[in-house]
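Only one structure is covered here, and it is reproduced in the block below.
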Amino acid sequence: MRTVYQTHVGQVRSHNEDHVGVFQNQKGVHLAIVADGMGGHRAGDVASEMTVEFLAKEWQETIHFETPTDAEKLAARNN
């Protein structure tokens with residue numbers, strides 16, 4: 001699968017705080033993540049990057065997630 005994504009810095013900020021990724025788990029199921037950096041909040045770029053990194057690691061290391069509902073449970077469990 002080939003994926004393409006794009007984010008935009010917006011009208012107000014000087015740098016983009018968003019992070020995006022597409023990841024595949026051990027069963028070959030893909031997960032696309034878009035984490036909004038919450039521009040204007042302290043370390044919004046760090047928080048969005050950490051979120052994508054954490055969810056990607058969990059997704060890639062498991063065979064138990066196969067549906068969007070499974071991904072939602074992962075996010076809720078670690079919230």
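Chains: A, B, ... in order of the structure tokens. Residues: from 1 per chain. Ligands: from 1, in order shown.
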- Message: When you look at range 9-11 of chain A with a cut-off of 12 Å (counting only C-alpha atoms), what residues show up, excluding the ones that are within fewer than 5 positions of it in the same chain? I need them as a PyMOL selection string.
- Response: chain A and resi 16-19+36-40+45
How about saving the chosen residues, C-alpha atoms kept, as a compact mmCIF listing (two decimals), in the first residue's frame?
# COMPACT_ATOMS: atom_id res chain seq x y z
CA ASN A 16 3.57 22.86 12.19
CA GLU A 17 2.84 20.92 15.38
CA ASP A 18 0.89 18.09 13.75
CA HIS A 19 2.18 14.54 13.36
CA ASP A 36 -3.26 17.66 16.02
CA GLY A 37 -0.49 19.55 17.77
CA MET A 38 -2.91 21.99 19.45
CA GLY A 39 -1.06 25.09 18.28
CA GLY A 40 -0.55 27.65 20.99
CA ASP A 45 4.38 19.42 18.84
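Within chain A, residues classed as strand (DSSP E) by DSSP on backbone coordinates are His19, Val20, Gly21, Val22, Phe23, Gln24, His30, Leu31, Ala32, Ile33, Val34 and Ala35 of chain A.
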Hey, can you spit out that residue selection with all heavy atoms as a compact mmCIF listing (two decimals), in the first residue's frame?
# COMPACT_ATOMS: atom_id res chain seq x y z
N HIS A 19 1.43 15.73 13.74
CA HIS A 19 2.18 14.54 13.36
C HIS A 19 1.22 13.52 12.77
O HIS A 19 0.08 13.41 13.21
CB HIS A 19 2.92 13.94 14.56
CG HIS A 19 4.17 14.67 14.87
ND1 HIS A 19 4.20 15.85 15.58
CD2 HIS A 19 5.45 14.40 14.55
CE1 HIS A 19 5.44 16.27 15.68
NE2 HIS A 19 6.22 15.41 15.06
N VAL A 20 1.71 12.80 11.76
CA VAL A 20 0.89 11.86 11.01
C VAL A 20 1.70 10.59 10.80
O VAL A 20 2.92 10.63 10.69
CB VAL A 20 0.52 12.45 9.64
CG1 VAL A 20 -0.33 11.49 8.83
CG2 VAL A 20 -0.18 13.79 9.78
N GLY A 21 1.01 9.46 10.73
CA GLY A 21 1.69 8.22 10.40
C GLY A 21 0.71 7.16 9.95
O GLY A 21 -0.46 7.19 10.32
N VAL A 22 1.19 6.23 9.15
CA VAL A 22 0.42 5.06 8.74
C VAL A 22 1.26 3.84 9.09
O VAL A 22 2.42 3.76 8.68
CB VAL A 22 0.10 5.10 7.23
CG1 VAL A 22 -0.69 3.86 6.83
CG2 VAL A 22 -0.67 6.36 6.87
N PHE A 23 0.66 2.91 9.83
CA PHE A 23 1.42 1.79 10.37
C PHE A 23 0.68 0.49 10.12
O PHE A 23 -0.54 0.46 10.03
CB PHE A 23 1.63 2.00 11.87
CG PHE A 23 2.23 3.34 12.18
CD1 PHE A 23 1.42 4.41 12.54
CD2 PHE A 23 3.59 3.55 12.05
CE1 PHE A 23 1.95 5.66 12.80
CE2 PHE A 23 4.13 4.80 12.30
CZ PHE A 23 3.31 5.85 12.68
N GLN A 24 1.44 -0.60 10.05
CA GLN A 24 0.87 -1.92 9.79
C GLN A 24 1.18 -2.82 10.97
O GLN A 24 2.31 -2.85 11.46
CB GLN A 24 1.49 -2.49 8.51
CG GLN A 24 0.94 -3.83 8.10
CD GLN A 24 1.51 -4.27 6.76
OE1 GLN A 24 1.95 -3.48 5.96
NE2 GLN A 24 1.51 -5.56 6.54
N HIS A 30 -3.71 -2.00 8.63
CA HIS A 30 -3.12 -0.65 8.67
C HIS A 30 -3.90 0.26 9.62
O HIS A 30 -5.11 0.15 9.75
CB HIS A 30 -3.12 -0.03 7.28
CG HIS A 30 -2.13 -0.68 6.38
ND1 HIS A 30 -2.41 -1.82 5.67
CD2 HIS A 30 -0.85 -0.36 6.09
CE1 HIS A 30 -1.35 -2.17 4.98
NE2 HIS A 30 -0.39 -1.30 5.20
N LEU A 31 -3.17 1.17 10.24
CA LEU A 31 -3.74 2.20 11.11
C LEU A 31 -3.17 3.53 10.67
O LEU A 31 -1.95 3.70 10.60
CB LEU A 31 -3.38 1.94 12.57
CG LEU A 31 -3.80 3.03 13.57
CD1 LEU A 31 -5.33 3.06 13.70
CD2 LEU A 31 -3.15 2.79 14.92
N ALA A 32 -4.05 4.48 10.38
CA ALA A 32 -3.62 5.84 10.04
C ALA A 32 -3.91 6.74 11.24
O ALA A 32 -4.99 6.68 11.81
CB ALA A 32 -4.38 6.35 8.82
N ILE A 33 -2.93 7.53 11.62
CA ILE A 33 -3.05 8.40 12.79
C ILE A 33 -2.77 9.84 12.38
O ILE A 33 -1.78 10.11 11.70
CB ILE A 33 -2.03 8.01 13.89
CG1 ILE A 33 -2.20 6.54 14.29
CG2 ILE A 33 -2.16 8.93 15.10
CD1 ILE A 33 -1.07 6.03 15.16
N VAL A 34 -3.62 10.74 12.82
CA VAL A 34 -3.40 12.18 12.68
C VAL A 34 -3.49 12.77 14.07
O VAL A 34 -4.54 12.67 14.72
CB VAL A 34 -4.44 12.84 11.76
CG1 VAL A 34 -4.20 14.34 11.69
CG2 VAL A 34 -4.41 12.22 10.37
N ALA A 35 -2.42 13.35 14.57
CA ALA A 35 -2.41 13.96 15.89
C ALA A 35 -2.25 15.47 15.73
O ALA A 35 -1.21 15.94 15.27
CB ALA A 35 -1.28 13.38 16.74
Rows by chain and residue number, range 13-44 of chain A within 6 Å of range 52-73 of chain A, shortest pair, only C-alpha atoms, as CSV:
residue,atom,partner,partner_atom,distance
A:Gln24,CA,A:Gln60,CA,5.9
A:Asn25,CA,A:Gln60,CA,4.2
A:Gln26,CA,A:Ile63,CA,5.3
A:Lys27,CA,A:Ile63,CA,5.7
- Message: If I take CA of Val29 in chain A and CA of Met1 in chain A, how far is one from the other in Å, to one decimal?
- Response: 10.9 Å
